Amino acid sequence: MTVNPTKKARVYVLYTGGTIGMVPKEPGNPASPLVPGDKSQLQRYAHGLEEKGIDWIIEGLVDLDGKEVPPIDSSDIDADHWKFMAAQIERVYNDYHGFVILHGTDTMAYTASALSFLLENLAKPVVVTGSQLPISSVRTDGVQNFVNAIYIAGYKAAGLPCIPEVIICFGDSILRGNRTRKVSSSSWQGFDTPNFPKLGTIGEHIKINTSLLRPAANNEDTPFYAHTTLCTDVMDVGLFPGLKPAPLKSLLQLEAIKGVVLRTYGAGNAPGNKAFLDVIELAVKGVGRPGKTILNVTQCTQGTVEMGVYAASSGLLERGVISGLDITPEAALAKMMWILETQTGNEIQSQLQIDQRGEQTGSLFDVRYGACGDSSESVGLVSVSASPAGKFRKSNLVRAVLRVSHLGITDTQIGDEIELKVFINLPTADSNTPTKDRRFATTFHGAYQGPEATSFIEEVTSTVRTVAEEGHPIHVSVIPPKGKKIWYQGLYLALFA
């Protein structure tokens with residue numbers, strides 16, 4: 001099939017396999033096992049599009065050398081296939097207005113996430129779709145999904161806004177690809193974005209919420225291109241009650257592993273016992289071998305990781321585990337593969353916490369001030385400076401949270417009321433500095449529970465927004481009551497932007 005250049009929209013369909021193209025292994029015997037069919041069998045199901053001004057072609061997947069890759073069940077998809085898809089779109093990018101990828105449902109969310117990172121400076125729709133039943137089935141959902149995907153990719157002829165993102169079109173939903181999770185193995189509405197609104201809905205009319213769309217790249221100034229390398233030395237590890245430190249240590253010490261997506265409980269919580277946390281610390285620091293990057297994501301379908309809010313996540317924070325905020329496990333794994341391949345050193349941690357393609361709600365810029373002595377090395381006043389990880393922009397600041405963990409205070413009994421004043425960007429602050437100073441941030445106060453149990457977390461957004469200077473370190477002063485000294489295990493400032 002050749003493209004008619006006079007049509008209003010030209011769409012390139014890439015068939016990779018999956019249920020949508022499944023046919024009986026034995027032709028004429030519907031009871032025989034289903035296997036991926038040929039792309040030519042799909043052409044006859046999306047008819048009438050030419051009359052709407054959409055011209056489209058369908059081709060199979062090829063590798064980086066142009067060799068044909070047979071259609072496969074999506075359970076067999078791996079990182080090489082993602083690279084092939086990205087490269088194939090790059091080769092034809094300038095000739096088409098939009099792209100459709102036909103794909104199996106089992107790993108569709110992984111593929112959509114990976115492509116969102118691999119396709120750089122995207123200015124056109126890349127629509128991933130499939131079906132729960134083969135397109136040849138009498139009750140299939142495949143025809144509607146296929147046609148809707150072509151309509152969205154052929155937006156110019158369909159009179160729709162351009163969605164310059166990798167998206168999933170399935171059932172009645174248009175979803176950001178790297179926010180998507182498969183939520184049902186049988187429902188026509190098989191996918192959802194639990195932490196993000198739908199980009200659009202499909203009914204009698206296709207409605208797109210343009211306020212949610214990411215801006216299209218200007219390909220004249222920033223040309224489109226595809227990344228074709230990924231680091232696959234990663235692991236996805238889920239915590240569960242009864243997980244023993246020994247087998248976890250064996251996994252995390254594998255030399256072939258560079259990054260780990262750690263699926264934790266609730267808001268990023270994990271066991272607080274020393275043996276477990278020692279395993280995590282050993283993996284992050286390396287000790288005689290390269291340390292591993294560990295990204296904390298929640299096992300919950302909805303919600304976000306907030307390390308340090310609960311004591312059960314403080315141990316991970318203090319041992320160098322970084323927050324994935326509300327990213328999905330699928331997007332977290334794909335993002336880590338991409339970041340480990342494209343970044344080095346401290347930028348790996350920084351870039352993992354930054355919103356790259358709309359995969360998470362905002363970015364997190366950590367400021368880690370470290371520990372302050374112990375009971376034998378307590379200090380009368382803390383004065384420390386550190387810079388945010390990554391390219392922090394104060395103008396984008398949404399929230400700033402300061403946390404001190406495992407706080408010890410001399411000459412203080414369990415149950416005593418304590419109070420510590422905190423100033424930001426005022427190195428000369430002491431116990432006599434008035435709290436009416438604009439650089440006063442907050443007061444840590446409460447009942448003392450001993451150094452193992454006393455931690456505080458306070459909102460300091462207003463002060464940071466007022467006194468922080470972009471491009472400069474952020475200084476924090478922690479001042480105990482007169483005559484007392486303090487020590488702590490960690491002081492952290494989290495900047496959400």
# chains A, B, ... in the order shown; residues from 1 in each chain; ligands from 1
$ residues_around --residues "Asp411 (chain A)" --least-positions-apart "4" --cutoff "10 Å" --atoms "only C-alpha atoms" --output "list in words"
Gly483, Lys484, Lys485 and Ile486 of chain A
$ write_last_selection --atoms "C-alpha atoms" --output "PDB file, in the first residue's frame"
ATOM      1  CA  GLY A 483      22.784  25.131  77.193  1.00  0.00           C
ATOM      2  CA  LYS A 484      21.953  21.987  75.189  1.00  0.00           C
ATOM      3  CA  LYS A 485      23.704  20.205  72.365  1.00  0.00           C
ATOM      4  CA  ILE A 486      22.312  18.004  69.590  1.00  0.00           C
TER       5      ILE A 486
END
$ residues_around --residues "region 157-167 of chain A" --least-positions-apart "3" --cutoff "9 Å" --atoms "only C-alpha atoms" --output "PyMOL selection string"
chain A and resi 7-10+52-54+98+112-113+115-116+119+122-129+151-154+174-178+180+199+206-208+210+213-217+357
$ write_last_selection --atoms "C-alpha atoms" --output "mmCIF file, in the first residue's frame"
data_model
loop_
_atom_site.group_PDB
_atom_site.id
_atom_site.type_symbol
_atom_site.label_atom_id
_atom_site.label_comp_id
_atom_site.auth_asym_id
_atom_site.auth_seq_id
_atom_site.Cartn_x
_atom_site.Cartn_y
_atom_site.Cartn_z
ATOM 1 C CA LYS A 7 -4.524 13.279 1.509
ATOM 2 C CA LYS A 8 -4.902 15.593 4.495
ATOM 3 C CA ALA A 9 -3.213 13.164 6.882
ATOM 4 C CA ARG A 10 -0.710 10.375 6.438
ATOM 5 C CA LYS A 52 -12.073 10.788 5.560
ATOM 6 C CA GLY A 53 -8.810 12.143 4.158
ATOM 7 C CA ILE A 54 -6.519 9.722 5.987
ATOM 8 C CA GLY A 98 1.241 10.410 13.058
ATOM 9 C CA ALA A 112 4.541 3.009 25.794
ATOM 10 C CA SER A 113 6.693 4.107 28.742
ATOM 11 C CA LEU A 115 9.061 4.836 23.787
ATOM 12 C CA SER A 116 8.219 8.044 25.628
ATOM 13 C CA LEU A 119 11.657 9.369 21.228
ATOM 14 C CA LEU A 122 8.514 14.420 19.704
ATOM 15 C CA ALA A 123 6.030 16.685 17.917
ATOM 16 C CA LYS A 124 3.613 14.089 16.514
ATOM 17 C CA PRO A 125 1.227 11.491 17.955
ATOM 18 C CA VAL A 126 2.510 7.981 18.577
ATOM 19 C CA VAL A 127 -0.572 5.917 19.409
ATOM 20 C CA VAL A 128 -0.162 2.451 20.915
ATOM 21 C CA THR A 129 -3.194 0.166 20.778
ATOM 22 C CA TYR A 151 -8.082 8.819 13.676
ATOM 23 C CA ILE A 152 -6.020 10.233 16.543
ATOM 24 C CA ALA A 153 -2.760 9.773 14.646
ATOM 25 C CA GLY A 154 -4.406 11.331 11.558
ATOM 26 C CA ILE A 174 -6.923 8.170 25.509
ATOM 27 C CA LEU A 175 -4.126 7.856 28.083
ATOM 28 C CA ARG A 176 -0.605 9.200 28.553
ATOM 29 C CA GLY A 177 1.544 6.177 27.777
ATOM 30 C CA ASN A 178 4.034 6.488 30.627
ATOM 31 C CA THR A 180 -0.646 3.847 32.055
ATOM 32 C CA LEU A 199 -6.043 12.855 28.058
ATOM 33 C CA ILE A 206 -13.504 12.052 20.358
ATOM 34 C CA LYS A 207 -12.838 14.614 23.080
ATOM 35 C CA ILE A 208 -9.316 15.652 24.007
ATOM 36 C CA THR A 210 -5.806 19.981 25.503
ATOM 37 C CA LEU A 213 -1.110 17.815 26.788
ATOM 38 C CA ARG A 214 2.615 18.363 26.814
ATOM 39 C CA PRO A 215 3.839 20.993 24.350
ATOM 40 C CA ALA A 216 5.024 19.786 20.971
ATOM 41 C CA ALA A 217 8.714 20.174 20.233
ATOM 42 C CA ARG A 357 8.139 13.189 29.826
#
$ closest_atom_pairs --of "region 312-431 of chain A" --to "region 449-458 of chain A" --cutoff "7 Å" --atoms "only C-alpha atoms" --output "Markdown table"
| residue | atom | partner | partner_atom | distance |
| --- | --- | --- | --- | --- |
| A:Val401 | CA | A:Glu458 | CA | 5.7 |
| A:Leu402 | CA | A:Glu458 | CA | 5.4 |
| A:Arg403 | CA | A:Ile457 | CA | 4.3 |
| A:Val404 | CA | A:Phe456 | CA | 5.4 |
| A:Ser405 | CA | A:Ser455 | CA | 4.3 |
| A:His406 | CA | A:Pro451 | CA | 4.8 |
| A:Leu407 | CA | A:Pro451 | CA | 4.8 |
| A:Gly408 | CA | A:Pro451 | CA | 4.3 |
| A:Ile414 | CA | A:Gln449 | CA | 5.1 |
| A:Gly415 | CA | A:Gln449 | CA | 6.2 |
$ residues_around --residues "Asn195 (chain A)" --least-positions-apart "3" --cutoff "12 Å" --atoms "only C-alpha atoms" --output "compact mmCIF listing (two decimals) with C-alpha atoms, in the first residue's frame"
# COMPACT_ATOMS: atom_id res chain seq x y z
CA LEU A 175 -4.13 7.86 28.08
CA ARG A 176 -0.60 9.20 28.55
CA ASN A 178 4.03 6.49 30.63
CA ARG A 179 1.23 6.94 33.17
CA THR A 180 -0.65 3.85 32.06
CA ARG A 181 -1.14 0.51 33.80
CA ASP A 192 -6.08 3.29 33.18
CA LYS A 198 -7.33 10.77 30.95
CA THR A 298 4.89 2.32 45.75
CA CYS A 300 -0.19 0.90 45.61
CA THR A 301 -2.13 1.55 42.43
CA GLN A 302 -2.70 5.16 43.48
CA GLY A 303 -0.61 7.54 45.54
CA THR A 304 2.95 8.74 45.79
CA LEU A 325 7.16 10.00 43.58
CA ASP A 326 4.02 8.75 41.79
CA ILE A 327 5.68 7.09 38.80
CA THR A 328 4.31 3.68 37.78
CA GLY A 358 5.15 13.77 32.09
CA GLU A 359 5.71 10.40 33.77
CA GLN A 360 5.36 11.82 37.28
CA THR A 361 3.76 14.75 39.05
$ select_by_dssp --residues "region 56-242 of chain A" --states "alpha helix (DSSP H)" --output "PyMOL selection string"
chain A and resi 79-92+108-118+142-153+155-158
$ residues_around --residues "Pro290 (chain A)" --least-positions-apart "2" --cutoff "10 Å" --atoms "only C-alpha atoms" --output "list in words"
Gln253, Glu255, Ile257, Lys258, Ala283, Val284, Lys285, Gly286, Val287, Gly288, Lys292 and Thr293 of chain A
$ write_last_selection --atoms "C-alpha atoms" --output "JSON list (two decimals), in the first residue's frame"
[["chain", "number", "residue", "atom", "x", "y", "z"],
["A", 253, "GLN", "CA", 24.96, -7.87, 45.15],
["A", 255, "GLU", "CA", 27.56, -7.50, 39.72],
["A", 257, "ILE", "CA", 22.85, -5.19, 38.18],
["A", 258, "LYS", "CA", 23.29, -1.40, 38.12],
["A", 283, "ALA", "CA", 23.96, -2.08, 47.77],
["A", 284, "VAL", "CA", 23.85, 1.72, 47.43],
["A", 285, "LYS", "CA", 27.39, 2.38, 48.67],
["A", 286, "GLY", "CA", 28.93, -0.60, 46.91],
["A", 287, "VAL", "CA", 31.86, -1.06, 49.32],
["A", 288, "GLY", "CA", 34.60, -2.34, 47.02],
["A", 292, "LYS", "CA", 23.61, 0.56, 42.73],
["A", 293, "THR", "CA", 20.90, 3.10, 42.05]]
$ select_by_dssp --residues "region 413-472 of chain A" --states "strand (DSSP E)" --output "ChimeraX atom specification"
/A:417-424,440-447,456-459
$ residues_around --residues "Ser462 (chain A)" --least-positions-apart "5" --cutoff "12 Å" --atoms "only C-alpha atoms" --output "PyMOL selection string"
chain A and resi 394+397-401+424+438-442+467-468+495
$ residues_around --residues "Thr232 (chain A)" --least-positions-apart "6" --cutoff "12 Å" --atoms "only C-alpha atoms" --output "PyMOL selection string"
chain A and resi 78-80+82-83+114+256-260+333-341
$ write_last_selection --atoms "C-alpha atoms" --output "short mmCIF file (atom, residue, chain, number, x, y, z; two decimals), in the first residue's frame"
data_model
loop_
_atom_site.label_atom_id
_atom_site.label_comp_id
_atom_site.auth_asym_id
_atom_site.auth_seq_id
_atom_site.Cartn_x
_atom_site.Cartn_y
_atom_site.Cartn_z
CA ASP A 78 12.11 -6.94 25.33
CA ALA A 79 14.27 -3.82 25.24
CA ASP A 80 15.60 -4.65 21.78
CA TRP A 82 11.65 -1.00 21.93
CA LYS A 83 14.83 0.14 20.21
CA ALA A 114 9.95 3.11 27.05
CA ALA A 256 25.47 -7.40 36.53
CA ILE A 257 22.85 -5.19 38.18
CA LYS A 258 23.29 -1.40 38.12
CA GLY A 259 19.81 -0.21 39.04
CA VAL A 260 16.89 -1.47 41.08
CA LEU A 333 11.85 0.52 34.96
CA ALA A 334 11.93 2.07 31.49
CA LYS A 335 13.15 5.41 32.83
CA MET A 336 15.95 3.74 34.77
CA MET A 337 17.08 1.84 31.66
CA TRP A 338 17.20 5.14 29.77
CA ILE A 339 18.84 7.24 32.51
CA LEU A 340 21.53 4.66 33.27
CA GLU A 341 22.42 4.65 29.58
#
$ atom_distance --atom1 "CA of Leu118 (chain A)" --atom2 "CA of Asn219 (chain A)"
15.9 Å
$ atom_distance --atom1 "CA of Arg393 (chain A)" --atom2 "CA of Glu470 (chain A)"
6.6 Å
$ residues_around --residues "Phe170 (chain A)" --least-positions-apart "4" --cutoff "8 Å" --atoms "only C-alpha atoms" --output "list in words"
Thr129, Gly130, Ser131, Asn145, Ile174, Trp188, Gln189, Gly190 and Phe191 of chain A
$ closest_residue --among "A:Tyr12, A:Phe423, A:Trp487, A:Phe84" --to "Ala149 (chain A)" --atoms "only C-alpha atoms"
A:Tyr12
$ closest_residue --among "A:Ser431, A:Ile168, A:Arg44, A:Gly242" --to "Thr201 (chain A)" --atoms "only C-alpha atoms"
A:Ile168
$ closest_residue --among "A:Pro473, A:Gly390, A:Pro71, A:Gly238" --to "Ser350 (chain A)" --atoms "only C-alpha atoms"
A:Gly390
